[in-house]
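Data block for entry18.cif (mmCIF, C-alpha atoms; chains and numbers go by the auth columns):
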data_work
loop_
_atom_site.group_PDB
_atom_site.id
_atom_site.type_symbol
_atom_site.label_atom_id
_atom_site.label_comp_id
_atom_site.label_asym_id
_atom_site.label_seq_id
_atom_site.Cartn_x
_atom_site.Cartn_y
_atom_site.Cartn_z
_atom_site.B_iso_or_equiv
_atom_site.auth_seq_id
_atom_site.auth_asym_id
ATOM 1 C CA MET A 1 -4.324 -19.933 -2.989 0.00 14 A
ATOM 2 C CA GLU A 2 -5.300 -19.553 -6.616 0.00 15 A
ATOM 3 C CA ILE A 3 -3.595 -16.793 -8.583 0.00 16 A
ATOM 4 C CA LYS A 4 -5.866 -15.362 -11.288 0.00 17 A
ATOM 5 C CA ASN A 5 -3.295 -12.868 -12.596 0.00 18 A
ATOM 6 C CA GLU A 6 0.204 -14.344 -12.873 0.00 19 A
ATOM 7 C CA ASN A 7 1.621 -10.877 -13.650 0.00 20 A
ATOM 8 C CA TRP A 8 0.270 -9.183 -10.520 0.00 21 A
ATOM 9 C CA LYS A 9 3.709 -8.446 -9.020 0.00 22 A
ATOM 10 C CA ARG A 10 5.095 -7.186 -12.326 0.00 23 A
ATOM 11 C CA GLU A 11 2.116 -4.821 -12.692 0.00 24 A
ATOM 12 C CA ILE A 12 2.777 -3.397 -9.208 0.00 25 A
ATOM 13 C CA VAL A 13 6.469 -2.919 -10.025 0.00 26 A
ATOM 14 C CA ASP A 14 5.601 -1.255 -13.356 0.00 27 A
ATOM 15 C CA ALA A 15 3.219 1.131 -11.568 0.00 28 A
ATOM 16 C CA PHE A 16 5.962 1.990 -9.067 0.00 29 A
ATOM 17 C CA VAL A 17 8.470 2.673 -11.862 0.00 30 A
ATOM 18 C CA SER A 18 5.903 4.961 -13.496 0.00 31 A
ATOM 19 C CA CYS A 19 5.312 6.748 -10.174 0.00 32 A
ATOM 20 C CA ILE A 20 9.053 7.309 -9.685 0.00 33 A
ATOM 21 C CA SER A 21 9.577 8.537 -13.244 0.00 34 A
ATOM 22 C CA LEU A 22 6.687 11.024 -13.077 0.00 35 A
ATOM 23 C CA THR A 23 7.499 12.415 -9.611 0.00 36 A
ATOM 24 C CA THR A 24 9.936 15.286 -9.271 0.00 37 A
ATOM 25 C CA GLY A 25 12.048 14.801 -6.158 0.00 38 A
ATOM 26 C CA PRO A 26 11.343 12.203 -3.492 0.00 39 A
ATOM 27 C CA VAL A 27 8.053 10.321 -3.571 0.00 40 A
ATOM 28 C CA PRO A 28 5.719 12.042 -1.065 0.00 41 A
ATOM 29 C CA TYR A 29 4.573 8.930 0.811 0.00 42 A
ATOM 30 C CA ASN A 30 3.189 10.978 3.712 0.00 43 A
ATOM 31 C CA ASN A 31 1.245 13.291 1.363 0.00 44 A
ATOM 32 C CA PRO A 32 0.470 11.280 -1.791 0.00 45 A
ATOM 33 C CA ASN A 33 0.399 13.056 -5.142 0.00 46 A
ATOM 34 C CA ASN A 34 -1.518 11.845 -8.215 0.00 47 A
ATOM 35 C CA GLU A 35 1.358 9.601 -9.333 0.00 48 A
ATOM 36 C CA LEU A 36 1.602 7.881 -5.957 0.00 49 A
ATOM 37 C CA GLU A 37 -2.172 7.518 -5.780 0.00 50 A
ATOM 38 C CA ALA A 38 -2.107 5.794 -9.187 0.00 51 A
ATOM 39 C CA PHE A 39 0.497 3.342 -7.812 0.00 52 A
ATOM 40 C CA LEU A 40 -1.611 2.758 -4.687 0.00 53 A
ATOM 41 C CA SER A 41 -4.652 2.094 -6.895 0.00 54 A
ATOM 42 C CA VAL A 42 -2.782 -0.684 -8.697 0.00 55 A
ATOM 43 C CA ILE A 43 -1.844 -2.314 -5.373 0.00 56 A
ATOM 44 C CA TRP A 44 -5.483 -2.138 -4.248 0.00 57 A
ATOM 45 C CA GLU A 45 -6.753 -3.580 -7.537 0.00 58 A
ATOM 46 C CA LYS A 46 -4.327 -6.541 -7.326 0.00 59 A
ATOM 47 C CA SER A 47 -5.331 -7.145 -3.707 0.00 60 A
ATOM 48 C CA MET A 48 -8.975 -7.384 -4.773 0.00 61 A
ATOM 49 C CA LYS A 49 -8.775 -9.179 -8.133 0.00 62 A
ATOM 50 C CA ALA A 50 -5.482 -11.015 -8.690 0.00 63 A
ATOM 51 C CA PHE A 51 -6.363 -13.995 -6.494 0.00 64 A
ATOM 52 C CA ASP A 52 -9.166 -16.456 -5.788 0.00 65 A
ATOM 53 C CA ILE A 53 -10.473 -14.113 -3.082 0.00 66 A
ATOM 54 C CA PRO A 54 -9.479 -10.616 -1.954 0.00 67 A
ATOM 55 C CA ARG A 55 -6.189 -10.876 -0.042 0.00 68 A
ATOM 56 C CA GLU A 56 -3.887 -8.546 1.856 0.00 69 A
ATOM 57 C CA VAL A 57 -0.954 -7.398 -0.239 0.00 70 A
ATOM 58 C CA GLN A 58 2.076 -5.617 1.171 0.00 71 A
ATOM 59 C CA VAL A 59 4.734 -3.612 -0.589 0.00 72 A
ATOM 60 C CA VAL A 60 7.912 -2.393 1.072 0.00 73 A
ATOM 61 C CA VAL A 61 9.963 0.333 -0.609 0.00 74 A
ATOM 62 C CA ASP A 62 13.526 0.116 0.652 0.00 75 A
ATOM 63 C CA ALA A 63 16.308 2.720 0.819 0.00 76 A
ATOM 64 C CA LYS A 64 17.301 2.004 -2.812 0.00 77 A
ATOM 65 C CA ASN A 65 13.722 2.384 -4.146 0.00 78 A
ATOM 66 C CA THR A 66 13.423 -1.350 -4.654 0.00 79 A
ATOM 67 C CA VAL A 67 9.993 -2.806 -4.013 0.00 80 A
ATOM 68 C CA PHE A 68 9.436 -6.055 -2.155 0.00 81 A
ATOM 69 C CA ILE A 69 5.965 -7.549 -2.544 0.00 82 A
ATOM 70 C CA ASN A 70 4.056 -10.307 -0.796 0.00 83 A
ATOM 71 C CA VAL A 71 0.481 -11.593 -0.470 0.00 84 A
ATOM 72 C CA GLY A 72 -1.275 -13.147 2.500 0.00 85 A
ATOM 73 C CA THR A 73 -4.750 -14.112 3.646 0.00 86 A
ATOM 74 C CA PRO A 74 -7.807 -11.836 3.565 0.00 87 A
ATOM 75 C CA SER A 75 -6.780 -10.492 6.986 0.00 88 A
ATOM 76 C CA PHE A 76 -3.001 -10.931 7.392 0.00 89 A
ATOM 77 C CA VAL A 77 0.208 -10.565 5.399 0.00 90 A
ATOM 78 C CA SER A 78 3.871 -10.864 6.353 0.00 91 A
ATOM 79 C CA PHE A 79 7.229 -11.722 4.843 0.00 92 A
ATOM 80 C CA GLU A 80 7.605 -14.642 7.257 0.00 93 A
ATOM 81 C CA GLY A 81 8.234 -17.758 5.224 0.00 94 A
ATOM 82 C CA ALA A 82 9.140 -15.779 2.077 0.00 95 A
ATOM 83 C CA ASP A 83 11.946 -17.107 -0.087 0.00 96 A
ATOM 84 C CA GLU A 84 15.293 -15.590 0.847 0.00 97 A
ATOM 85 C CA GLU A 85 15.745 -14.713 -2.841 0.00 98 A
ATOM 86 C CA GLU A 86 12.611 -12.544 -2.668 0.00 99 A
ATOM 87 C CA LEU A 87 14.093 -10.502 0.188 0.00 100 A
ATOM 88 C CA GLU A 88 17.722 -10.525 -0.937 0.00 101 A
ATOM 89 C CA GLY A 89 19.245 -7.077 -1.140 0.00 102 A
ATOM 90 C CA MET A 90 16.597 -5.331 0.984 0.00 103 A
ATOM 91 C CA LYS A 91 18.261 -2.143 2.271 0.00 104 A
ATOM 92 C CA LEU A 92 17.380 -0.238 5.427 0.00 105 A
ATOM 93 C CA PRO A 93 15.887 2.188 6.234 0.00 106 A
ATOM 94 C CA PHE A 94 12.550 1.547 4.557 0.00 107 A
ATOM 95 C CA LYS A 95 10.959 4.512 2.809 0.00 108 A
ATOM 96 C CA CYS A 96 7.467 3.071 3.021 0.00 109 A
ATOM 97 C CA TRP A 97 5.465 0.036 4.078 0.00 110 A
ATOM 98 C CA ILE A 98 2.181 -0.242 2.167 0.00 111 A
ATOM 99 C CA HIS A 99 -0.491 -2.838 2.780 0.00 112 A
ATOM 100 C CA THR A 100 -4.152 -3.408 1.990 0.00 113 A
ATOM 101 C CA HIS A 101 -7.220 -4.170 4.056 0.00 114 A
ATOM 102 C CA PRO A 102 -9.380 -5.934 1.452 0.00 115 A
ATOM 103 C CA PHE A 103 -12.353 -6.070 3.835 0.00 116 A
ATOM 104 C CA GLY A 104 -12.697 -2.343 3.220 0.00 117 A
ATOM 105 C CA GLN A 105 -11.496 0.003 5.934 0.00 118 A
ATOM 106 C CA ALA A 106 -8.194 1.849 6.026 0.00 119 A
ATOM 107 C CA TYR A 107 -6.886 1.924 9.593 0.00 120 A
ATOM 108 C CA PHE A 108 -3.972 0.515 11.551 0.00 121 A
ATOM 109 C CA SER A 109 -5.024 -2.662 13.353 0.00 122 A
ATOM 110 C CA GLY A 110 -3.408 -3.925 16.541 0.00 123 A
ATOM 111 C CA THR A 111 -1.134 -6.131 14.436 0.00 124 A
ATOM 112 C CA ASP A 112 -0.242 -3.147 12.251 0.00 125 A
ATOM 113 C CA TRP A 113 0.700 -1.118 15.344 0.00 126 A
ATOM 114 C CA LYS A 114 2.978 -3.933 16.524 0.00 127 A
ATOM 115 C CA THR A 115 4.668 -3.881 13.127 0.00 128 A
ATOM 116 C CA LEU A 116 4.946 -0.086 13.142 0.00 129 A
ATOM 117 C CA ASN A 117 6.391 -0.015 16.656 0.00 130 A
ATOM 118 C CA THR A 118 8.912 -2.736 15.810 0.00 131 A
ATOM 119 C CA TRP A 119 10.095 -1.051 12.615 0.00 132 A
ATOM 120 C CA LYS A 120 9.750 2.590 13.740 0.00 133 A
ATOM 121 C CA PRO A 121 13.524 3.230 13.960 0.00 134 A
ATOM 122 C CA MET A 122 13.954 1.961 10.379 0.00 135 A
ATOM 123 C CA LEU A 123 10.685 3.067 8.728 0.00 136 A
ATOM 124 C CA ALA A 124 9.833 6.543 7.446 0.00 137 A
ATOM 125 C CA ASN A 125 6.226 6.073 6.260 0.00 138 A
ATOM 126 C CA ALA A 126 3.365 3.597 6.238 0.00 139 A
ATOM 127 C CA ILE A 127 0.253 3.515 4.077 0.00 140 A
ATOM 128 C CA VAL A 128 -2.808 1.343 4.594 0.00 141 A
ATOM 129 C CA LEU A 129 -5.323 1.021 1.759 0.00 142 A
ATOM 130 C CA GLY A 130 -9.030 0.384 2.155 0.00 143 A
ATOM 131 C CA ASP A 131 -11.982 0.626 -0.195 0.00 144 A
ATOM 132 C CA ASN A 132 -11.837 4.144 -1.681 0.00 145 A
ATOM 133 C CA GLU A 133 -9.699 5.378 1.207 0.00 146 A
ATOM 134 C CA TYR A 134 -6.175 5.362 2.552 0.00 147 A
ATOM 135 C CA TRP A 135 -4.134 6.485 5.532 0.00 148 A
ATOM 136 C CA ALA A 136 -0.647 7.855 4.814 0.00 149 A
ATOM 137 C CA TYR A 137 1.358 7.932 8.036 0.00 150 A
ATOM 138 C CA ASP A 138 4.585 9.838 8.686 0.00 151 A
ATOM 139 C CA VAL A 139 6.102 7.503 11.273 0.00 152 A
ATOM 140 C CA LYS A 140 8.662 9.909 12.738 0.00 153 A
ATOM 141 C CA ARG A 141 6.268 12.859 13.112 0.00 154 A
ATOM 142 C CA GLU A 142 3.280 10.649 14.013 0.00 155 A
ATOM 143 C CA ILE A 143 1.049 12.521 11.564 0.00 156 A
ATOM 144 C CA VAL A 144 -1.503 10.746 9.379 0.00 157 A
ATOM 145 C CA LYS A 145 -3.297 11.956 6.276 0.00 158 A
ATOM 146 C CA GLN A 146 -6.665 10.244 5.949 0.00 159 A
ATOM 147 C CA VAL A 147 -8.242 10.333 2.491 0.00 160 A
ATOM 148 C CA LYS A 148 -11.624 9.112 1.287 0.00 161 A
ATOM 149 C CA TYR A 149 -12.490 9.409 -2.383 0.00 162 A
ATOM 150 C CA GLY A 150 -15.160 8.424 -4.846 0.00 163 A
ATOM 151 C CA LEU A 151 -17.592 9.804 -7.386 0.00 164 A
ATOM 152 C CA LEU A 152 -19.702 12.784 -6.475 0.00 165 A
ATOM 153 C CA GLN A 153 -22.450 13.790 -8.845 0.00 166 A
ATOM 154 C CA SER A 154 -24.684 16.796 -8.592 0.00 167 A
ATOM 155 C CA PRO A 155 -28.311 15.935 -7.925 0.00 168 A
ATOM 156 C CA LYS A 156 -30.831 16.964 -10.552 0.00 169 A
ATOM 157 C CA ILE A 157 -32.220 20.356 -9.678 0.00 170 A
ATOM 158 C CA GLU A 158 -35.681 21.177 -10.886 0.00 171 A
ATOM 159 C CA GLU A 159 -35.985 24.535 -12.549 0.00 172 A
ATOM 160 C CA GLU A 160 -38.707 26.823 -11.269 0.00 173 A
#

The structure in this file should be written as structure tokens.
Amino acid sequence: MEIKNENWKREIVDAFVSCISLTTGPVPYNNPNNELEAFLSVIWEKSMKAFDIPREVQVVVDAKNTVFINVGTPSFVSFEGADEEELEGMKLPFKCWIHTHPFGQAYFSGTDWKTLNTWKPMLANAIVLGDNEYWAYDVKREIVKQVKYGLLQSPKIEEE
């Protein structure tokens, strides 16, 4: 794997710190506000451009608001094989598990559902990012907010 942006993790952490500092109260992972969406946009951008090819990136926000970040292949990411130092201090329960689908669609794959079902007792929210869309899932209530976004321009209307 070739890393094109050596600061990719730092940029994700900086975006998270900005999100936390601009959000009053707890971060609304199950109903993202503008600050959280800005953070999610940074994760998506790193997933698409920080490496030789688009790759899945995952971010876990633990109980202490510490972020743990990892990168995988274009279709899979996990913390398996991560350095123990990278995971040291991770505190349960997790506030949110965020990951990207660089091939474009936001949805929970079969592998994602296995992860969600395994971590359900210790995970409050999960977000999957696709191209101009995301799903924000409240794990306990089993409610998902599906968002698609993009530019919308008015067509030219001929005057009579």

List the neighbours of Ser54 of chain A out to 12 Å using only C-alpha atoms; skip same-chain residues closer than 4 positions along the sequence, and give me the result as a compact mmCIF listing (two decimals) with C-alpha atoms, in the coordinates of the input.
# COMPACT_ATOMS: atom_id res chain seq x y z
CA GLU A 24 2.12 -4.82 -12.69
CA ILE A 25 2.78 -3.40 -9.21
CA ALA A 28 3.22 1.13 -11.57
CA PHE A 29 5.96 1.99 -9.07
CA CYS A 32 5.31 6.75 -10.17
CA PRO A 45 0.47 11.28 -1.79
CA ASN A 47 -1.52 11.84 -8.22
CA GLU A 48 1.36 9.60 -9.33
CA LEU A 49 1.60 7.88 -5.96
CA GLU A 50 -2.17 7.52 -5.78
CA GLU A 58 -6.75 -3.58 -7.54
CA LYS A 59 -4.33 -6.54 -7.33
CA SER A 60 -5.33 -7.14 -3.71
CA MET A 61 -8.98 -7.38 -4.77
CA ILE A 111 2.18 -0.24 2.17
CA HIS A 112 -0.49 -2.84 2.78
CA THR A 113 -4.15 -3.41 1.99
CA VAL A 141 -2.81 1.34 4.59
CA LEU A 142 -5.32 1.02 1.76
CA GLY A 143 -9.03 0.38 2.15
CA ASP A 144 -11.98 0.63 -0.20
CA ASN A 145 -11.84 4.14 -1.68
CA GLU A 146 -9.70 5.38 1.21
CA TYR A 147 -6.18 5.36 2.55
CA TYR A 162 -12.49 9.41 -2.38

Task: Distance of atom CA of Glu19 of chain A from atom CA of Ala139 of chain A, expressed in Å to one decimal place - done: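 The value is 26.4 Å.
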
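Using only C-alpha atoms, the shortest contact distance between Thr36 of chain A and any of A:Tyr150, A:Phe52, A:Glu99, A:Lys22 is found at A:Phe52.
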
Open item on the list: Ranking A:Asn44, A:Gly102, A:Thr86, A:Glu15 by minimum distance to Val160 of chain A and counting only C-alpha atoms, which one comes first?
Closed with: A:Asn44

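Going from atom CA of Asn83 of chain A over to atom CA of Asn43 of chain A, you cover 21.8 Å.
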
Task: Result set, the PyMOL selection byres ((chain A and resi 68-82) around 10) on current file, as an NGL selection string - done: :A and (14 or 21-23 or 25-26 or 29-30 or 33 or 40 or 53 or 56-57 or 59-67 or 83-92 or 95 or 99-116 or 135-136 or 138-142)

Open item on the list: For a test of reading the model, state the distance in Å between atom CA of Lys153 of chain A and atom CA of Lys133 of chain A, rounded to one decimal.
Closed with: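 Computed distance, atom CA of Lys153 of chain A to atom CA of Lys133 of chain A, equals 7.5 Å.
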
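Between Gly117 of chain A and the residues A:Gln166, A:Asp27, A:Lys161, A:Glu171, the shortest atom-to-atom distance, using all atoms listed in the file, involves A:Lys161.
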
If you take every atom of segment 128-137 of chain A that the file lists and fit an axis-aligned box around them with 8 Å extra on each side, what centre and edge lengths come out in Å to one decimal, as JSON?
{"center_x": 9.3, "center_y": 1.3, "center_z": 12.1, "size_x": 25.3, "size_y": 26.4, "size_z": 25.2}
